[in-house]
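*Asks:* This is the structure I have questions about; it appears just below.
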Amino acid sequence: MIHNYLKLAFRNLWKHKLFSFINISGVAIGLTCFFLLALYVKDELSYDRSHEHADRIYRLSRTFLSKDGTVSLQLGHAAPPFGPLIKQDFPEVEEVVRLLETGGLFKYKEKAFNEENVFVADPNIFKVFTMNVLAGNKNNALDNPFSIMFSKPMAEKYFGSENPIGKVLRLDNQLTYTVTGVFEPLPAQSHFHPNFLVSFSTLNDNRVYGAEGLRSNWGNNSFSTYLLLPENYDVSKMVKAFPAFQNRNIEPLASTYSVLDLIKLTDIHLYSHLDSEIEANGDIQYVYLFSAIAFFILVIACINYMNLATATSATRAKEVGMRKVIGAARGQLVYQYLSESILLVFMAVIIAMFMVVLCLPAFNGFTQKELSIDSLLDPYFAAMIFGIALFTGLVAGSYPAFFMTSFEPIGVLKGKIGASLKNGMLRQTLVVVQFAIAVVLIISTAVVYSQMKYVKNFKLGYTKDQMVLLGMPDDSTLHFGGIRQRLKENSRILEVGRSSRIPSSRLLDSWDAFVMKGDSMAPTDITIKSLSVDEDFIPTYQIDMAAGRNFSTDFSTDKTNAFVLNETAVKVLGWDNVADAVGNRFKYGEIDGQIIGVTKDYHFESLHQKVAPIVMFNQQGRLQRVSVHITGDDLAGAMAHINEIWDEEFPNKPFEYEFLDQRFGRLYATEQTQQALFSIFAGIAIFISCLGLLGLSMFMAELRTKEIGVRKVLGASVGSLVSLLSKDFLKLVIISIIIASPIAWYGMQVWLEDFAYHTEIHWWVYPLAGVISIGIALVTVSYQSIKTAMINPVKSLRSE
Amino acid sequence: MLTITNLQKIFATEEVETTALNGINLTINDGEFVAIMGPSGCGKSTLLNIIGLLDNPSSGTYNFYGSDVEKMSERQRAQLRKGNVGFVFQSFNLIDELTVFENVELPLLYLKVPSKERDEKVEATLKRMNMMHRRNHFPQQLSGGQQQRVAIARAVVAKPKLILADEPTGNLDSANGKDVMNLLQELNEEGTTIAMVTHSPYDASFAHRTVNLFDGKIVTENFHV
Ligand SMILES: Nc1ncnc2c1ncn2[C@@H]1O[C@H](COP(=O)(O)OP(=O)(O)OP(=O)(O)O)[C@@H](O)[C@H]1O
Ligand SMILES: [Mg+2]
């Protein structure tokens, strides 16, 4: 019997070639998007799961509180003493491993590279993380000081085919390290990607860090600390014990300003967005968003199928009726139509698989991922695809199947079903749902786009273009005056300024601030972020002064006890008028001095953060970041000049630079790709909806060919016929817009709230979305309507 | 034997109620060939549909080979219909997407007849209808007379006790019409009960008895010898 059904299904597909094509391609495009997004989501969900003990590994995080109890800083890192002390105070913890990320100049023979992703690691790292050690002994490779392990690609980069073990290299021209092992890199789906592992005992050396610092430096929170806990361990109990643990080990009351917490390793990538992370993480929001889009696209494709299949059922009504007269039970017919839709969906799956294979390289390039077809073939995933296909086929086929088989046989044979088809409540609902989804996506895309434009054109309050960023070796800060002089000799160099951090990065340091209260200095509860700058920083970035003056070499005290605040800082400190702040005494940490000026607010951090109160002061030794503002007319010449001076001043350091606007772009890069991805898939969803509408309108026109013919004979104009044919669809589209607008408004409001600075949802997006969707619908529908209306009536009447 | 007593059929639409059949009493014996005649709209097709279990009467009783069917659900009627009743329509109602062979095979498929037996029966029937050479054609490739022969083949292939024909010659020229009537007569001579709606006195002359309907009532019955 099934053989019989399939044969008939194929003949039907062939008979309605155009509809079949529209139908199959709609479903295939929908499934292609679904599979791509599924791969993406699966990839995002698979982070850090390759470790054998993944579900028992937790990372320690540390939060600092301001005096008023608000969070001032949340770190995914902790101070070095925490690790061993946790092991000591919580003996049930199986392993504690600390990682310290560094980088530096690696030199082996004539090869020299600046390397990143160098991790100093406790020797038990391999007991916690599952990593494949290809050479060397994983039990002791990181025991001795100055031992280093290379990832396989790095070993090949430095040593080619030679055996790396025992090779000696120099780091930062100072210390020598011996290679003790080679490991296989962690998969892309990992929250950190070490290229090198250095033995932790190296840090005991005073030239590197010093044993005393490891024991007592509670302020250096740059150690990623991971705990391997026993099975079924109650993590919350441990977290509850942390305050007492800190008070015991750091100082009494330490828990009033420092909070420790644990996060599961496998949650880091999607849920952890702290002020310090090893790498930029993903976001569960986008996982939800993309899952939702994937689902919606599938829904739209299913609705297409349902609508077209139901519409074409008019031509098959006779078949259904006759089968019933002959003796088909309803169940058998339902079964027949379901097997037909499942067949079609499976054809679409095969096409979709090919399209996924074709699109994957572009998709990967776009998302910066390394998704592979292999995961499509992974048995679970394949089973899922099979399940989805079956499910889609069943869902998509169910309505036409039950609709068609519900016809009374005599009614059908008399040709009575045309009327019920035209007014099908459910069919209209489906079109409305489909278009409502499309309208939500159009509105969302418009809002996302205007937010991106808003970010791009946002007045940051400083210049970000033509800004070259350099990192100074620490020892250079003292003789920087000369370097600056030489740089400025070239007319292409406009200004050179130095600072402890550069715009677009986070401001993480803060000390206690004191202001005059009555006649004495009183501490404030306010967290003011510190930024060390020299007198050229503000002019280099063209930051406007709101009151007072910039630092100047004319005043010797400007280098030691002068402060420039930003407007926000002045406001939170209690001055209503920025000018009032100038000249006041101010104490920051141990520095007691005077406020000499106030800058206008500028957006040092990303637009996700509100402008923080900032205090700027000139602190020698922390000015490692150099910003060079160049003219835009001769980029190559300017860079050549900077390079030349660099090589002369620092012959042992490779010349490395970065442009601020590129850095800035990276700040929003994930967001931008994700938003672009969103727009693309939204576009595809709209396209599929239109495909469905096109098919449906073609069909309706065909159903009414005879009616149109009669009307024409009676004198109807083409215009009136087009409006007759298009009216019904337009009504549905308008209902969709009315339903979709509030939903889109709400969703976008929630999305925008994530930005500290965001655009408003302008009223005109709704009419715009309305006009776009009506326009699209009109173009799709009227093409067919006009074609039908133009047919010679004699022809359409004879077609019966 | 089919016994219809005091049967009424009322169609209720939004605006009007139409009494299509009004107090019909009719018995059709096994092996009989009955023609039903009457002006357009008098209820012939309605009666035939009820006889063929495609529709339920509004009131009255109908005994179909010993079972009272007037209160049966569509599902139960379908079950009873299967294999017992064959239909032939004026407009053939062949399924366009199926070949001649497949169309004829269909009732056997729904009766779950094994495939070998199915092939034999279909072939035998097609041979008998002189349509074997067209077995792989689609309905649209056949003339009207040929299509009706296929429709008859489909109606008889499962060897039903009863064949119902609604104006079987209505769309055919006289030669083809005569052909069809000869076939029906042959089937009747082999023992199949036939009820046929027709406008043609010539066709009716093949029947044993003609029932004349007028306005939903049986007005006269003529017996042919
Ligand atoms: N489904 C229906 N709904 C409403 N009225 C119906 C329906 N089917 C038939 N009728 C009405 O019942 C009456 C009898 O119809 P029927 O089809 O039985 O006539 P008929 O004798 O077969 O006519 P013809 O010779 O033209 O085929 C007619 O008045 C018709 O309008
Ligand atoms: Mg009739």
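Just so we're on the same page: first chain in the structure tokens is A, next is B, and so on; residues restart at 1 for each chain, and ligands are numbered from 1 in the order they show up.
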Write out as a compact mmCIF listing (two decimals) with N, CA, C and O atoms, in the first residue's frame every residue belonging to chain A that has an atom at most 10 Å from any atom of chain B, counting only C-alpha atoms.

*Replies:*
```
# COMPACT_ATOMS: atom_id res chain seq x y z
N MET A 1 0.82 -1.20 0.00
CA MET A 1 0.00 0.00 0.00
C MET A 1 0.86 1.25 0.00
O MET A 1 0.65 2.18 -0.77
N ASN A 4 2.11 2.11 -3.24
CA ASN A 4 1.05 2.76 -4.02
C ASN A 4 0.94 4.25 -3.69
O ASN A 4 0.86 5.10 -4.56
N LYS A 7 3.98 6.22 -5.02
CA LYS A 7 3.90 6.38 -6.47
C LYS A 7 2.95 7.54 -6.80
O LYS A 7 3.28 8.44 -7.57
N LEU A 8 1.83 7.52 -6.11
CA LEU A 8 0.84 8.56 -6.36
C LEU A 8 1.37 9.92 -5.93
O LEU A 8 1.17 10.93 -6.60
N ALA A 9 2.11 9.90 -4.79
CA ALA A 9 2.68 11.15 -4.29
C ALA A 9 3.61 11.75 -5.33
O ALA A 9 3.55 12.95 -5.62
N PHE A 10 4.45 10.91 -5.92
CA PHE A 10 5.39 11.41 -6.93
C PHE A 10 4.65 11.98 -8.13
O PHE A 10 4.98 13.03 -8.64
N ARG A 11 3.61 11.25 -8.56
CA ARG A 11 2.85 11.74 -9.72
C ARG A 11 2.20 13.07 -9.42
O ARG A 11 2.16 13.96 -10.25
N ASN A 12 1.71 13.21 -8.18
CA ASN A 12 1.08 14.47 -7.82
C ASN A 12 2.06 15.61 -7.77
O ASN A 12 1.77 16.72 -8.20
N LYS A 15 2.73 16.50 -11.28
CA LYS A 15 1.62 17.15 -11.95
C LYS A 15 1.55 18.63 -11.59
O LYS A 15 1.32 19.48 -12.45
N ARG A 316 -7.74 17.79 -5.67
CA ARG A 316 -7.69 16.36 -5.35
C ARG A 316 -8.94 15.91 -4.64
O ARG A 316 -9.05 14.75 -4.24
N LYS A 318 -11.84 15.36 -5.68
CA LYS A 318 -12.55 14.30 -6.40
C LYS A 318 -11.91 12.96 -6.09
O LYS A 318 -12.58 11.97 -5.85
N GLU A 319 -10.58 12.99 -6.09
CA GLU A 319 -9.85 11.76 -5.80
C GLU A 319 -10.24 11.24 -4.41
O GLU A 319 -10.54 10.05 -4.24
N VAL A 320 -10.25 12.16 -3.44
CA VAL A 320 -10.58 11.75 -2.08
C VAL A 320 -11.98 11.18 -2.02
O VAL A 320 -12.22 10.11 -1.46
N GLY A 321 -12.93 11.91 -2.64
CA GLY A 321 -14.31 11.47 -2.62
C GLY A 321 -14.44 10.09 -3.22
O GLY A 321 -15.09 9.20 -2.66
N MET A 322 -13.81 9.90 -4.37
CA MET A 322 -13.93 8.62 -5.07
C MET A 322 -13.33 7.50 -4.26
O MET A 322 -13.87 6.41 -4.19
N ARG A 323 -12.20 7.80 -3.62
CA ARG A 323 -11.57 6.77 -2.79
C ARG A 323 -12.51 6.37 -1.66
O ARG A 323 -12.62 5.21 -1.28
N LYS A 324 -13.19 7.38 -1.11
CA LYS A 324 -14.11 7.08 -0.02
C LYS A 324 -15.27 6.24 -0.50
O LYS A 324 -15.68 5.29 0.15
N VAL A 325 -15.83 6.59 -1.68
CA VAL A 325 -16.95 5.84 -2.23
C VAL A 325 -16.55 4.39 -2.42
O VAL A 325 -17.29 3.46 -2.14
N ILE A 326 -15.32 4.20 -2.89
CA ILE A 326 -14.85 2.85 -3.17
C ILE A 326 -14.59 2.08 -1.89
O ILE A 326 -14.60 0.86 -1.88
N GLY A 327 -14.34 2.79 -0.82
CA GLY A 327 -14.20 2.04 0.42
C GLY A 327 -13.00 2.38 1.27
O GLY A 327 -12.66 1.64 2.19
N ALA A 328 -12.31 3.49 0.98
CA ALA A 328 -11.19 3.87 1.82
C ALA A 328 -11.71 4.37 3.15
O ALA A 328 -12.64 5.18 3.19
N ALA A 329 -11.14 3.88 4.24
CA ALA A 329 -11.49 4.43 5.54
C ALA A 329 -10.74 5.74 5.69
O ALA A 329 -9.71 5.96 5.07
N ARG A 330 -11.24 6.62 6.54
CA ARG A 330 -10.61 7.92 6.71
C ARG A 330 -9.15 7.76 7.15
O ARG A 330 -8.26 8.44 6.64
N GLN A 332 -7.07 5.49 6.48
CA GLN A 332 -6.18 5.14 5.37
C GLN A 332 -5.82 6.35 4.54
O GLN A 332 -4.70 6.51 4.09
N GLU A 408 -17.28 15.11 2.84
CA GLU A 408 -18.30 14.08 2.62
C GLU A 408 -18.19 13.65 1.16
O GLU A 408 -18.14 14.50 0.27
N PRO A 409 -18.17 12.35 0.92
CA PRO A 409 -17.92 11.92 -0.45
C PRO A 409 -18.89 12.49 -1.49
O PRO A 409 -18.47 12.92 -2.55
N ILE A 410 -20.20 12.55 -1.16
CA ILE A 410 -21.10 13.03 -2.21
C ILE A 410 -20.88 14.50 -2.48
O ILE A 410 -20.90 14.94 -3.61
N LEU A 413 -17.97 14.99 -4.71
CA LEU A 413 -18.18 14.60 -6.10
C LEU A 413 -19.02 15.64 -6.82
O LEU A 413 -18.98 15.78 -8.02
```

*Asks:* If you run DSSP on the backbone, which residues of stretch 407-520 of chain A are helix (DSSP H, G or I), as a ChimeraX atom specification?

*Replies:* /A:409-413,417-422,425-457,474-476,480-488

*Asks:* Counting only C-alpha atoms and all ligand atoms, name the residues that have an atom within 6 Å of an atom of ligand 1; the answer should be given as a list in words.

*Replies:*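 With only C-alpha atoms and all ligand atoms and a cut-off of 6 Å, ligand 1 is contacted by Phe11, Thr18, Ala20, Pro39, Ser40, Gly41, Cys42, Gly43, Lys44, Ser45 and Thr46 of chain B.
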
*Asks:* Grab the residues selected above and save them as a PDB file, in the first residue's frame with N, CA and C atoms.

*Replies:*
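For reference, result-v4.pdb as written:
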```
ATOM      1  N   PHE B  11     -33.003  18.269   3.050  1.00  0.00           N
ATOM      2  CA  PHE B  11     -31.752  19.038   3.070  1.00  0.00           C
ATOM      3  C   PHE B  11     -32.036  20.381   3.695  1.00  0.00           C
ATOM      4  N   THR B  18     -35.197  21.758   1.817  1.00  0.00           N
ATOM      5  CA  THR B  18     -35.698  21.071   0.638  1.00  0.00           C
ATOM      6  C   THR B  18     -36.032  19.638   1.017  1.00  0.00           C
ATOM      7  N   ALA B  20     -36.194  16.435  -0.408  1.00  0.00           N
ATOM      8  CA  ALA B  20     -35.779  15.789  -1.650  1.00  0.00           C
ATOM      9  C   ALA B  20     -36.513  14.465  -1.822  1.00  0.00           C
ATOM     10  N   PRO B  39     -38.171  13.558 -13.613  1.00  0.00           N
ATOM     11  CA  PRO B  39     -37.631  14.849 -14.047  1.00  0.00           C
ATOM     12  C   PRO B  39     -36.456  15.296 -13.174  1.00  0.00           C
ATOM     13  N   SER B  40     -35.708  16.262 -13.712  1.00  0.00           N
ATOM     14  CA  SER B  40     -34.541  16.769 -12.994  1.00  0.00           C
ATOM     15  C   SER B  40     -34.949  17.352 -11.644  1.00  0.00           C
ATOM     16  N   GLY B  41     -34.196  17.026 -10.597  1.00  0.00           N
ATOM     17  CA  GLY B  41     -34.457  17.591  -9.283  1.00  0.00           C
ATOM     18  C   GLY B  41     -35.508  16.847  -8.489  1.00  0.00           C
ATOM     19  N   CYS B  42     -35.954  15.713  -8.989  1.00  0.00           N
ATOM     20  CA  CYS B  42     -37.017  15.008  -8.278  1.00  0.00           C
ATOM     21  C   CYS B  42     -36.477  14.121  -7.165  1.00  0.00           C
ATOM     22  N   GLY B  43     -35.181  13.958  -7.076  1.00  0.00           N
ATOM     23  CA  GLY B  43     -34.601  13.204  -5.954  1.00  0.00           C
ATOM     24  C   GLY B  43     -33.978  11.878  -6.333  1.00  0.00           C
ATOM     25  N   LYS B  44     -33.747  11.636  -7.625  1.00  0.00           N
ATOM     26  CA  LYS B  44     -33.216  10.341  -8.061  1.00  0.00           C
ATOM     27  C   LYS B  44     -31.839  10.064  -7.461  1.00  0.00           C
ATOM     28  N   SER B  45     -30.949  11.038  -7.658  1.00  0.00           N
ATOM     29  CA  SER B  45     -29.593  10.829  -7.160  1.00  0.00           C
ATOM     30  C   SER B  45     -29.588  10.695  -5.653  1.00  0.00           C
ATOM     31  N   THR B  46     -30.438  11.483  -4.995  1.00  0.00           N
ATOM     32  CA  THR B  46     -30.510  11.411  -3.541  1.00  0.00           C
ATOM     33  C   THR B  46     -30.891  10.004  -3.102  1.00  0.00           C
TER      34      THR B  46
END
```

*Asks:* Quick one: residues within 12 Å of A:Ala348, only C-alpha atoms counted, chain neighbours fewer than 6 positions away excluded, as a ChimeraX atom specification?

*Replies:* /A:20-32,301-302,305,341-342,354-356,385-386,388-390,392-393

*Asks:* Between atom CA of A:Thr225 and atom CA of A:Lys138, what is the spacing in Å?

*Replies:*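 Calculated distance between atom CA of A:Lys138 and atom CA of A:Thr225 is 19.7 Å.
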
*Asks:* Given the choices B:Leu183, B:Ser67, B:Leu47, B:Thr193, which gets closest to ligand 2 if the distance is worked out from only C-alpha atoms and all ligand atoms?

*Replies:*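 Among the listed residues, B:Leu47 lies closest to ligand 2.
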
*Asks:* Would you kindly return, as a ChimeraX atom specification, each protein, DNA or RNA residue with an atom no farther than 8 Å from any atom of A:Ile57, considering only C-alpha atoms and excluding same-chain residues fewer than 4 positions away?

*Replies:* /A:53,128,226-229,264-265

*Asks:* Do you have the atom CA of A:Phe82-atom CA of A:Tyr588 distance handy?

*Replies:* 28.0 Å

*Asks:* Between B:Pro114, B:Gly144, B:Gly66, B:Gly31, which one has atoms that come closest to B:Glu186, using only C-alpha atoms?

*Replies:*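 Comparing B:Pro114, B:Gly144, B:Gly66, B:Gly31 against B:Glu186, the winner is B:Gly31.
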
*Asks:* Using only C-alpha atoms, which protein or nucleic acid residues come within 7 Å of B:Ala195? Drop anything in the same chain fewer than 5 positions from it, and give the result as a list in words.

*Replies:*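 Near neighbours after the sequence-gap exclusion: Phe33, Val34, Ala35, Ile163, Leu164 and Ala165 of chain B.
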
*Asks:* Taking the backbone alone, and naming residues the way the document does, which bits of stretch 313-528 of chain A are strand (DSSP E or B) by DSSP, as an NGL selection string?

*Replies:* :A and (467-471 or 493-499 or 510-511 or 513-517 or 520-523 or 528)

*Asks:* So that I can see what lies close to A:Phe537, please list as a ChimeraX atom specification the residues with an atom at most 7 Å from it, counting only C-alpha atoms and leaving out residues fewer than 2 positions away in the same chain.

*Replies:* /A:497-499,533-535,539-541
